[in-house]
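Below is data.tsv, which holds TSV, C-alpha atoms.
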chain	number	residue	atom	x	y	z
J	1	MET	CA	-15.36	28.85	4.04
J	2	LYS	CA	-17.36	27.22	1.27
J	3	PRO	CA	-18.07	23.54	1.93
J	4	ALA	CA	-16.01	22.53	-1.14
J	5	TYR	CA	-12.94	24.29	0.27
J	6	THR	CA	-13.15	22.64	3.69
J	7	GLU	CA	-13.59	19.27	1.97
J	8	ALA	CA	-10.59	19.98	-0.27
J	9	LEU	CA	-8.48	20.92	2.77
J	10	ALA	CA	-9.49	17.69	4.52
J	11	SER	CA	-8.71	15.80	1.34
J	12	LEU	CA	-5.26	17.44	1.15
J	13	ALA	CA	-4.53	16.56	4.79
J	14	CYS	CA	-5.68	12.94	4.37
J	15	GLY	CA	-3.66	12.60	1.16
J	16	THR	CA	-0.57	13.93	2.92
J	17	LEU	CA	-0.98	11.48	5.81
J	18	PHE	CA	-1.52	8.66	3.28
J	19	GLY	CA	1.60	9.63	1.29
J	20	PHE	CA	3.67	9.93	4.46
J	21	GLY	CA	2.47	6.52	5.65
J	22	LEU	CA	3.34	4.99	2.29
J	23	SER	CA	6.82	6.53	2.38
J	24	LEU	CA	7.41	5.30	5.94
J	25	SER	CA	6.10	1.82	5.14
J	26	GLY	CA	8.80	1.24	2.50
J	27	MET	CA	6.16	0.37	-0.09
J	28	LEU	CA	7.24	3.09	-2.53
J	29	ASP	CA	9.99	0.64	-3.49
J	30	PRO	CA	8.79	-1.62	-6.36
J	31	SER	CA	11.39	-4.29	-5.55
J	32	ARG	CA	9.96	-4.69	-2.03
J	33	VAL	CA	6.41	-5.02	-3.35
J	34	GLN	CA	7.64	-7.66	-5.80
J	35	GLY	CA	9.52	-9.26	-2.90
J	36	PHE	CA	6.19	-9.65	-1.10
J	37	LEU	CA	4.61	-11.27	-4.16
J	38	ASP	CA	7.62	-13.59	-4.50
J	39	VAL	CA	6.23	-16.06	-1.95
J	40	PHE	CA	8.09	-19.01	-3.49
J	41	GLY	CA	11.42	-17.13	-3.66
J	42	ALA	CA	13.08	-14.50	-1.46
J	43	TRP	CA	9.86	-13.53	0.34
J	44	ASP	CA	9.69	-10.11	2.03
J	45	PRO	CA	6.65	-10.02	4.38
J	46	SER	CA	6.76	-6.20	4.89
J	47	LEU	CA	3.62	-5.49	2.83
J	48	MET	CA	1.69	-7.85	5.11
J	49	PHE	CA	2.55	-5.59	8.07
J	50	VAL	CA	1.55	-2.51	6.08
J	51	LEU	CA	-1.81	-3.97	5.08
J	52	GLY	CA	-2.35	-5.48	8.54
J	53	GLY	CA	-1.69	-2.15	10.29
J	54	ALA	CA	-3.87	-0.24	7.84
J	55	VAL	CA	-6.83	-2.65	7.97
J	56	LEU	CA	-6.69	-2.90	11.77
J	57	VAL	CA	-6.81	0.88	12.28
J	58	ALA	CA	-9.48	1.32	9.59
J	59	MET	CA	-11.58	-1.48	11.12
J	60	ILE	CA	-11.55	0.14	14.56
J	61	GLY	CA	-12.33	3.48	12.91
J	62	MET	CA	-15.28	1.91	11.07
J	63	LEU	CA	-16.91	1.15	14.45
J	64	LEU	CA	-16.92	4.91	15.15
J	65	VAL	CA	-17.94	5.96	11.64
J	66	LYS	CA	-20.93	3.59	11.76
J	67	THR	CA	-22.35	5.61	14.66
J	68	MET	CA	-22.25	8.83	12.60
J	69	ALA	CA	-25.41	9.91	10.75
J	70	ARG	CA	-23.35	11.84	8.20
J	71	PRO	CA	-19.71	12.81	7.64
J	72	LEU	CA	-18.43	15.88	9.49
J	73	LEU	CA	-17.84	18.04	6.38
J	74	ALA	CA	-20.11	16.58	3.70
J	75	GLY	CA	-23.80	15.90	3.26
J	76	CYS	CA	-23.71	12.12	3.05
J	77	PHE	CA	-21.51	9.03	2.91
J	78	HIS	CA	-20.61	7.80	-0.58
J	79	MET	CA	-20.37	4.05	-0.06
J	80	PRO	CA	-19.80	1.59	-2.92
J	81	GLY	CA	-23.22	0.47	-4.10
J	82	LYS	CA	-22.30	-2.87	-5.62
J	83	THR	CA	-22.23	-5.95	-3.43
J	84	LYS	CA	-22.33	-8.72	-6.04
J	85	ILE	CA	-19.11	-10.46	-6.98
J	86	ASP	CA	-19.30	-10.17	-10.76
J	87	LEU	CA	-17.10	-10.90	-13.75
J	88	PRO	CA	-15.74	-7.34	-14.29
J	89	LEU	CA	-14.58	-7.32	-10.64
J	90	ILE	CA	-12.67	-10.58	-11.02
J	91	ILE	CA	-11.27	-9.99	-14.53
J	92	GLY	CA	-10.34	-6.38	-13.70
J	93	SER	CA	-8.62	-7.39	-10.46
J	94	ALA	CA	-6.79	-10.21	-12.27
J	95	ILE	CA	-5.48	-7.74	-14.89
J	96	PHE	CA	-4.55	-5.31	-12.12
J	97	GLY	CA	-2.57	-8.02	-10.31
J	98	VAL	CA	-0.54	-8.88	-13.43
J	99	GLY	CA	0.42	-5.21	-13.89
J	100	TRP	CA	1.15	-4.89	-10.16
J	101	GLY	CA	3.50	-7.87	-10.31
J	102	LEU	CA	5.22	-6.79	-13.54
J	103	GLY	CA	6.16	-3.32	-12.27
J	104	GLY	CA	5.88	-3.64	-8.49
J	105	LEU	CA	3.81	-0.46	-8.59
J	106	CYS	CA	0.18	0.37	-7.83
J	107	PRO	CA	-1.61	3.75	-8.08
J	108	GLY	CA	-0.89	5.14	-4.56
J	109	PRO	CA	2.87	4.53	-4.32
J	110	ALA	CA	3.43	5.50	-7.98
J	111	ILE	CA	1.80	8.92	-7.50
J	112	ALA	CA	3.42	9.48	-4.09
J	113	ALA	CA	6.87	8.71	-5.59
J	114	LEU	CA	6.47	11.17	-8.51
J	115	PRO	CA	8.49	13.98	-6.80
J	116	MET	CA	11.54	11.67	-6.75
J	117	GLY	CA	11.84	12.32	-10.47
J	118	TYR	CA	12.34	8.79	-11.79
J	119	GLY	CA	11.48	8.55	-15.50
J	120	ALA	CA	10.12	5.03	-14.96
J	121	ILE	CA	7.63	6.28	-12.33
J	122	VAL	CA	6.45	9.12	-14.58
J	123	LEU	CA	6.02	6.65	-17.45
J	124	PHE	CA	4.07	4.28	-15.19
J	125	VAL	CA	1.67	7.02	-14.05
J	126	VAL	CA	1.09	8.25	-17.63
J	127	ALA	CA	0.45	4.67	-18.83
J	128	MET	CA	-1.85	4.09	-15.83
J	129	LEU	CA	-3.91	7.18	-16.68
J	130	ALA	CA	-4.09	5.97	-20.30
J	131	GLY	CA	-5.28	2.56	-19.08
J	132	MET	CA	-8.01	4.23	-17.03
J	133	VAL	CA	-9.17	6.40	-19.92
J	134	ILE	CA	-9.16	3.40	-22.32
J	135	HIS	CA	-11.37	1.51	-19.87
J	136	ASP	CA	-13.75	4.39	-19.17
J	137	ARG	CA	-14.11	5.45	-22.83
J	138	PHE	CA	-14.20	2.15	-24.69
J	139	VAL	CA	-14.89	-0.70	-22.32
J	140	ALA	CA	-17.09	0.56	-19.45
J	141	GLY	CA	-20.03	1.08	-21.82
J	142	ILE	CA	-19.80	-2.43	-23.24
J	143	ILE	CA	-19.68	-4.12	-19.81
J	144	SER	CA	-22.61	-2.30	-18.22
M	1	MET	CA	16.47	-4.70	17.48
M	2	THR	CA	17.66	-6.31	14.31
M	3	PRO	CA	17.40	-4.15	11.16
M	4	GLN	CA	14.69	-6.50	9.93
M	5	VAL	CA	12.49	-6.01	13.00
M	6	THR	CA	12.96	-2.24	12.73
M	7	GLN	CA	11.88	-2.44	9.11
M	8	TYR	CA	8.75	-4.46	9.94
M	9	LEU	CA	7.83	-2.00	12.73
M	10	GLN	CA	8.26	0.87	10.29
M	11	SER	CA	5.99	-0.93	7.80
M	12	LEU	CA	3.39	-1.53	10.53
M	13	THR	CA	3.49	2.13	11.62
M	14	GLY	CA	3.30	3.33	8.01
M	15	GLY	CA	0.35	1.00	7.46
M	16	ALA	CA	-1.42	2.29	10.60
M	17	LEU	CA	-1.06	5.88	9.31
M	18	ILE	CA	-2.51	4.80	5.93
M	19	GLY	CA	-5.47	3.26	7.78
M	20	LEU	CA	-5.89	6.44	9.85
M	21	SER	CA	-5.87	8.57	6.69
M	22	ALA	CA	-8.47	6.33	5.05
M	23	ILE	CA	-10.83	6.43	8.03
M	24	LEU	CA	-10.40	10.22	8.42
M	25	LEU	CA	-11.35	10.75	4.77
M	26	LEU	CA	-14.50	8.71	5.36
M	27	ALA	CA	-15.39	10.46	8.64
M	28	LEU	CA	-14.73	13.96	7.24
M	29	ASN	CA	-15.77	13.80	3.57
M	30	GLY	CA	-17.74	10.55	3.46
M	31	ARG	CA	-15.40	9.18	0.79
M	32	ILE	CA	-13.62	5.84	0.45
M	33	ALA	CA	-9.85	6.38	0.16
M	34	GLY	CA	-9.38	4.44	-3.06
M	35	ILE	CA	-6.53	5.94	-5.05
M	36	SER	CA	-7.65	4.57	-8.42
M	37	GLY	CA	-11.16	5.88	-7.73
M	38	ILE	CA	-9.88	9.32	-6.73
M	39	VAL	CA	-7.58	9.53	-9.78
M	40	GLY	CA	-10.32	8.14	-12.02
M	41	ARG	CA	-12.82	10.77	-10.85
M	42	LEU	CA	-10.14	13.44	-11.31
M	43	VAL	CA	-9.58	12.31	-14.91
M	44	GLN	CA	-13.33	12.27	-15.54
M	45	GLY	CA	-13.63	15.78	-14.07
M	46	HIS	CA	-15.81	15.01	-11.01
M	47	SER	CA	-15.16	17.17	-7.89
M	48	ARG	CA	-11.82	18.22	-9.42
M	49	LEU	CA	-10.65	20.36	-6.50
M	50	ILE	CA	-11.30	17.75	-3.80
M	51	ASN	CA	-9.76	14.87	-5.75
M	52	ALA	CA	-6.78	16.94	-6.93
M	53	ALA	CA	-6.14	17.98	-3.32
M	54	PHE	CA	-5.76	14.32	-2.29
M	55	VAL	CA	-3.37	13.58	-5.16
M	56	VAL	CA	-1.25	16.65	-4.31
M	57	GLY	CA	-1.29	15.47	-0.69
M	58	LEU	CA	0.06	12.04	-1.65
M	59	MET	CA	3.14	13.71	-3.13
M	60	ALA	CA	3.38	16.22	-0.27
M	61	GLY	CA	3.44	13.24	2.13
M	62	LEU	CA	6.69	12.04	0.58
M	63	LEU	CA	8.18	15.52	0.93
M	64	VAL	CA	7.15	15.65	4.61
M	65	TYR	CA	8.91	12.30	5.07
M	66	VAL	CA	12.05	13.64	3.39
M	67	GLY	CA	11.92	16.81	5.50
M	68	LEU	CA	11.53	14.84	8.71
M	69	PHE	CA	14.06	12.05	8.10
M	70	ARG	CA	16.48	14.01	5.87
M	71	THR	CA	16.67	11.11	3.43
M	72	TRP	CA	14.80	9.93	0.34
M	73	PRO	CA	13.22	6.46	0.42
M	74	THR	CA	15.16	3.84	-1.56
M	75	LEU	CA	13.59	2.82	-4.86
M	76	THR	CA	14.85	-0.15	-6.86
M	77	ILE	CA	13.18	-0.50	-10.25
M	78	THR	CA	14.22	-3.66	-12.07
M	79	ALA	CA	11.65	-3.69	-14.89
M	80	SER	CA	12.61	-2.23	-18.29
M	81	LEU	CA	10.81	0.91	-19.47
M	82	PRO	CA	8.60	-0.93	-22.02
M	83	LEU	CA	7.59	-3.36	-19.28
M	84	ILE	CA	6.82	-0.45	-16.92
M	85	GLY	CA	4.59	1.03	-19.64
M	86	VAL	CA	2.68	-2.23	-20.04
M	87	ALA	CA	2.43	-2.57	-16.24
M	88	GLY	CA	0.96	0.94	-15.97
M	89	LEU	CA	-1.62	0.27	-18.68
M	90	LEU	CA	-2.72	-2.98	-17.00
M	91	VAL	CA	-2.85	-1.41	-13.52
M	92	GLY	CA	-4.94	1.57	-14.71
M	93	PHE	CA	-7.27	-0.52	-16.86
M	94	GLY	CA	-7.64	-3.31	-14.30
M	95	ALA	CA	-8.25	-0.99	-11.35
M	96	ARG	CA	-11.07	0.79	-13.18
M	97	MET	CA	-12.63	-2.45	-14.43
M	98	GLY	CA	-12.35	-4.09	-10.99
M	99	SER	CA	-13.67	-0.91	-9.25
M	100	GLY	CA	-10.59	-0.51	-7.07
M	101	CYS	CA	-6.99	-1.22	-6.22
M	102	THR	CA	-4.81	-2.03	-3.23
M	103	SER	CA	-6.18	0.93	-1.23
M	104	GLY	CA	-9.92	0.88	-1.96
M	105	HIS	CA	-10.35	-2.89	-1.91
M	106	GLY	CA	-7.26	-3.76	0.15
M	107	VAL	CA	-7.57	-1.29	3.02
M	108	MET	CA	-11.12	0.11	3.18
M	109	GLY	CA	-12.83	-2.88	1.56
M	110	LEU	CA	-11.35	-5.37	4.00
M	111	ALA	CA	-11.97	-2.99	6.94
M	112	ARG	CA	-15.65	-2.78	5.91
M	113	LEU	CA	-15.75	-6.59	5.69
M	114	SER	CA	-16.86	-6.36	2.06
M	115	LEU	CA	-16.94	-9.77	0.38
M	116	ARG	CA	-16.61	-8.08	-3.02
M	117	SER	CA	-13.36	-6.45	-1.91
M	118	LEU	CA	-12.10	-9.70	-0.38
M	119	ALA	CA	-12.67	-11.43	-3.75
M	120	ALA	CA	-10.81	-8.60	-5.52
M	121	VAL	CA	-7.86	-8.76	-3.09
M	122	MET	CA	-7.59	-12.55	-3.37
M	123	THR	CA	-7.66	-12.25	-7.17
M	124	PHE	CA	-5.00	-9.56	-7.57
M	125	LEU	CA	-2.78	-11.20	-4.96
M	126	ALA	CA	-3.04	-14.49	-6.88
M	127	THR	CA	-2.24	-13.04	-10.31
M	128	GLY	CA	0.46	-10.80	-8.79
M	129	ILE	CA	2.12	-13.81	-7.13
M	130	ILE	CA	1.88	-15.86	-10.36
M	131	THR	CA	3.38	-12.98	-12.38
M	132	VAL	CA	6.37	-12.42	-10.06
M	133	THR	CA	6.94	-16.17	-9.66
M	134	LEU	CA	7.07	-16.66	-13.45
M	135	MET	CA	9.18	-13.52	-13.98
M	136	ARG	CA	11.76	-14.44	-11.35
M	137	GLY	CA	11.56	-18.19	-12.02
M	138	SER	CA	11.05	-18.78	-8.29
M	139	LEU	CA	9.41	-22.19	-8.65

Please express what this file holds, its structure, as structure tokens.
Amino acid sequence: MKPAYTEALASLACGTLFGFGLSLSGMLDPSRVQGFLDVFGAWDPSLMFVLGGAVLVAMIGMLLVKTMARPLLAGCFHMPGKTKIDLPLIIGSAIFGVGWGLGGLCPGPAIAALPMGYGAIVLFVVAMLAGMVIHDRFVAGIIS
Amino acid sequence: MTPQVTQYLQSLTGGALIGLSAILLLALNGRIAGISGIVGRLVQGHSRLINAAFVVGLMAGLLVYVGLFRTWPTLTITASLPLIGVAGLLVGFGARMGSGCTSGHGVMGLARLSLRSLAAVMTFLATGIITVTLMRGSL
């Protein structure tokens, strides 16, 4: 098989595992995500368990990955190059958090929940794509 | 076990599978499992097939869940449609500007002990908490 096809198959498998994990975790439900952010009200700690489980497994996995010269199916690792904590990081994350709180949705769960056929989820994903395009077309150039 | 404990265990297991998926994507393809990054690259037209495959997988994962447990997850959406639209715009814009979202910064960033990701997570948790607190009048 061509390298691109094996990578795409791996990508499909990883995406499926990710979507299954999200579904199992209960985090497709916007009201439970908002419940986690509602620390001063009716707090639901579930998301803490989700993040804790995910980070713990990924951290142990990182120990193994660090011993690898290159990934199994691709030529090299694509690690984020930036290390500086800059203004776009903070302002962007702040804007992201407001949207996350307003809807109780972030990119992963919103896309995974699309097959459920809720109009609100479809609207969210379309608006999210528009937000990305607006940033990439009109703002990214100004910042960098 | 109380229903609550069962729910927390399910969240922990779901989270562990998310972590496993993220580390597998890195070990196999050398890519960080950041959903906003994957979707962003798809929109920009970079490695279309590989990024589209992950997005299709995300949805397939839900269908596997439904097939296995014979039930759909419960979704409760309280926000009005205009508010959902605004939320989507902010999430998409903010994730691109902040180079990541809950998966890239939250899972892989923290696992890699990246200070940049820690700063991002602290920031979106803070503004998320403020937003929900104001919206629900919790304080």

Exercise. Which residues, written as a ChimeraX atom specification, have at least one atom at most 10 Å from stretch 133-138 of chain J, with all atoms listed in the file counted and residues fewer than 3 positions away on the same chain left out?
Worked result: /J:127-130,141-143 /M:40,43-44,89,92-97

Problem set entry | atom CA of M:Arg116 to atom CA of J:Met62, distance in Å rounded to a single decimal | 17.3 Å

Exercise. With all atoms listed in the file as the atoms that count, which of J:Pro45, J:Pro71, J:Gly35, J:Gly104 lies nearest to chain M?
Worked result: J:Pro71

So which residues touch M:Ser114 within 12 Å, counting only C-alpha atoms, skipping near sequence neighbours fewer than 4 positions away, as a PDB file with C-alpha atoms, in the coordinates of the input?
ATOM      1  CA  MET J  59     -11.580  -1.480  11.120  1.00  0.00           C
ATOM      2  CA  MET J  79     -20.370   4.050  -0.060  1.00  0.00           C
ATOM      3  CA  PRO J  80     -19.800   1.590  -2.920  1.00  0.00           C
ATOM      4  CA  GLY J  81     -23.220   0.470  -4.100  1.00  0.00           C
ATOM      5  CA  LYS J  82     -22.300  -2.870  -5.620  1.00  0.00           C
ATOM      6  CA  THR J  83     -22.230  -5.950  -3.430  1.00  0.00           C
ATOM      7  CA  LYS J  84     -22.330  -8.720  -6.040  1.00  0.00           C
ATOM      8  CA  ILE J  85     -19.110 -10.460  -6.980  1.00  0.00           C
TER       9      ILE J  85
ATOM     10  CA  GLY M 104      -9.920   0.880  -1.960  1.00  0.00           C
ATOM     11  CA  HIS M 105     -10.350  -2.890  -1.910  1.00  0.00           C
ATOM     12  CA  GLY M 106      -7.260  -3.760   0.150  1.00  0.00           C
ATOM     13  CA  VAL M 107      -7.570  -1.290   3.020  1.00  0.00           C
ATOM     14  CA  MET M 108     -11.120   0.110   3.180  1.00  0.00           C
ATOM     15  CA  GLY M 109     -12.830  -2.880   1.560  1.00  0.00           C
ATOM     16  CA  LEU M 110     -11.350  -5.370   4.000  1.00  0.00           C
ATOM     17  CA  LEU M 118     -12.100  -9.700  -0.380  1.00  0.00           C
ATOM     18  CA  ALA M 119     -12.670 -11.430  -3.750  1.00  0.00           C
ATOM     19  CA  ALA M 120     -10.810  -8.600  -5.520  1.00  0.00           C
ATOM     20  CA  VAL M 121      -7.860  -8.760  -3.090  1.00  0.00           C
TER      21      VAL M 121
END

Dump of stretch 74-93 of chain J from preceding block, N, CA and C atoms, as a PDB file, in the first residue's frame:
ATOM      1  N   ALA J  74       5.244   7.005   9.265  1.00  0.00           N
ATOM      2  CA  ALA J  74       5.575   8.265   8.594  1.00  0.00           C
ATOM      3  C   ALA J  74       7.063   8.570   8.743  1.00  0.00           C
ATOM      4  N   GLY J  75       7.525   9.532   7.965  1.00  0.00           N
ATOM      5  CA  GLY J  75       8.943   9.847   7.925  1.00  0.00           C
ATOM      6  C   GLY J  75       9.485  10.523   9.177  1.00  0.00           C
ATOM      7  N   CYS J  76       8.670  11.399   9.780  1.00  0.00           N
ATOM      8  CA  CYS J  76       9.167  12.115  10.941  1.00  0.00           C
ATOM      9  C   CYS J  76       8.020  12.546  11.857  1.00  0.00           C
ATOM     10  N   PHE J  77       8.380  12.938  13.063  1.00  0.00           N
ATOM     11  CA  PHE J  77       7.386  13.465  14.003  1.00  0.00           C
ATOM     12  C   PHE J  77       7.103  14.937  13.676  1.00  0.00           C
ATOM     13  N   HIS J  78       5.846  15.315  13.698  1.00  0.00           N
ATOM     14  CA  HIS J  78       5.476  16.720  13.506  1.00  0.00           C
ATOM     15  C   HIS J  78       5.107  17.306  14.861  1.00  0.00           C
ATOM     16  N   MET J  79       6.090  17.807  15.586  1.00  0.00           N
ATOM     17  CA  MET J  79       5.808  18.363  16.908  1.00  0.00           C
ATOM     18  C   MET J  79       5.604  19.868  16.784  1.00  0.00           C
ATOM     19  N   PRO J  80       4.755  20.442  17.675  1.00  0.00           N
ATOM     20  CA  PRO J  80       4.551  21.894  17.645  1.00  0.00           C
ATOM     21  C   PRO J  80       5.885  22.599  17.850  1.00  0.00           C
ATOM     22  N   GLY J  81       6.169  23.579  16.974  1.00  0.00           N
ATOM     23  CA  GLY J  81       7.461  24.240  17.033  1.00  0.00           C
ATOM     24  C   GLY J  81       7.541  25.339  18.089  1.00  0.00           C
ATOM     25  N   LYS J  82       6.402  25.970  18.348  1.00  0.00           N
ATOM     26  CA  LYS J  82       6.429  27.120  19.258  1.00  0.00           C
ATOM     27  C   LYS J  82       6.546  26.672  20.711  1.00  0.00           C
ATOM     28  N   THR J  83       7.338  27.395  21.488  1.00  0.00           N
ATOM     29  CA  THR J  83       7.421  27.097  22.911  1.00  0.00           C
ATOM     30  C   THR J  83       7.106  28.328  23.751  1.00  0.00           C
ATOM     31  N   LYS J  84       7.135  29.504  23.105  1.00  0.00           N
ATOM     32  CA  LYS J  84       6.909  30.751  23.835  1.00  0.00           C
ATOM     33  C   LYS J  84       5.427  30.952  24.129  1.00  0.00           C
ATOM     34  N   ILE J  85       5.130  31.399  25.341  1.00  0.00           N
ATOM     35  CA  ILE J  85       3.752  31.739  25.675  1.00  0.00           C
ATOM     36  C   ILE J  85       3.514  33.169  25.201  1.00  0.00           C
ATOM     37  N   ASP J  86       2.784  33.296  24.065  1.00  0.00           N
ATOM     38  CA  ASP J  86       2.614  34.628  23.483  1.00  0.00           C
ATOM     39  C   ASP J  86       1.160  35.092  23.557  1.00  0.00           C
ATOM     40  N   LEU J  87       0.937  36.303  23.082  1.00  0.00           N
ATOM     41  CA  LEU J  87      -0.393  36.911  23.177  1.00  0.00           C
ATOM     42  C   LEU J  87      -1.465  36.159  22.372  1.00  0.00           C
ATOM     43  N   PRO J  88      -1.173  35.772  21.097  1.00  0.00           N
ATOM     44  CA  PRO J  88      -2.206  35.026  20.359  1.00  0.00           C
ATOM     45  C   PRO J  88      -2.650  33.758  21.089  1.00  0.00           C
ATOM     46  N   LEU J  89      -1.706  33.067  21.754  1.00  0.00           N
ATOM     47  CA  LEU J  89      -2.047  31.849  22.495  1.00  0.00           C
ATOM     48  C   LEU J  89      -3.069  32.161  23.589  1.00  0.00           C
ATOM     49  N   ILE J  90      -2.775  33.222  24.350  1.00  0.00           N
ATOM     50  CA  ILE J  90      -3.625  33.550  25.498  1.00  0.00           C
ATOM     51  C   ILE J  90      -4.971  34.120  25.037  1.00  0.00           C
ATOM     52  N   ILE J  91      -4.935  35.070  24.092  1.00  0.00           N
ATOM     53  CA  ILE J  91      -6.194  35.681  23.631  1.00  0.00           C
ATOM     54  C   ILE J  91      -7.051  34.627  22.918  1.00  0.00           C
ATOM     55  N   GLY J  92      -6.428  33.830  22.052  1.00  0.00           N
ATOM     56  CA  GLY J  92      -7.149  32.781  21.340  1.00  0.00           C
ATOM     57  C   GLY J  92      -7.797  31.788  22.307  1.00  0.00           C
ATOM     58  N   SER J  93      -7.019  31.347  23.298  1.00  0.00           N
ATOM     59  CA  SER J  93      -7.545  30.385  24.268  1.00  0.00           C
ATOM     60  C   SER J  93      -8.670  31.002  25.094  1.00  0.00           C
TER      61      SER J  93
END
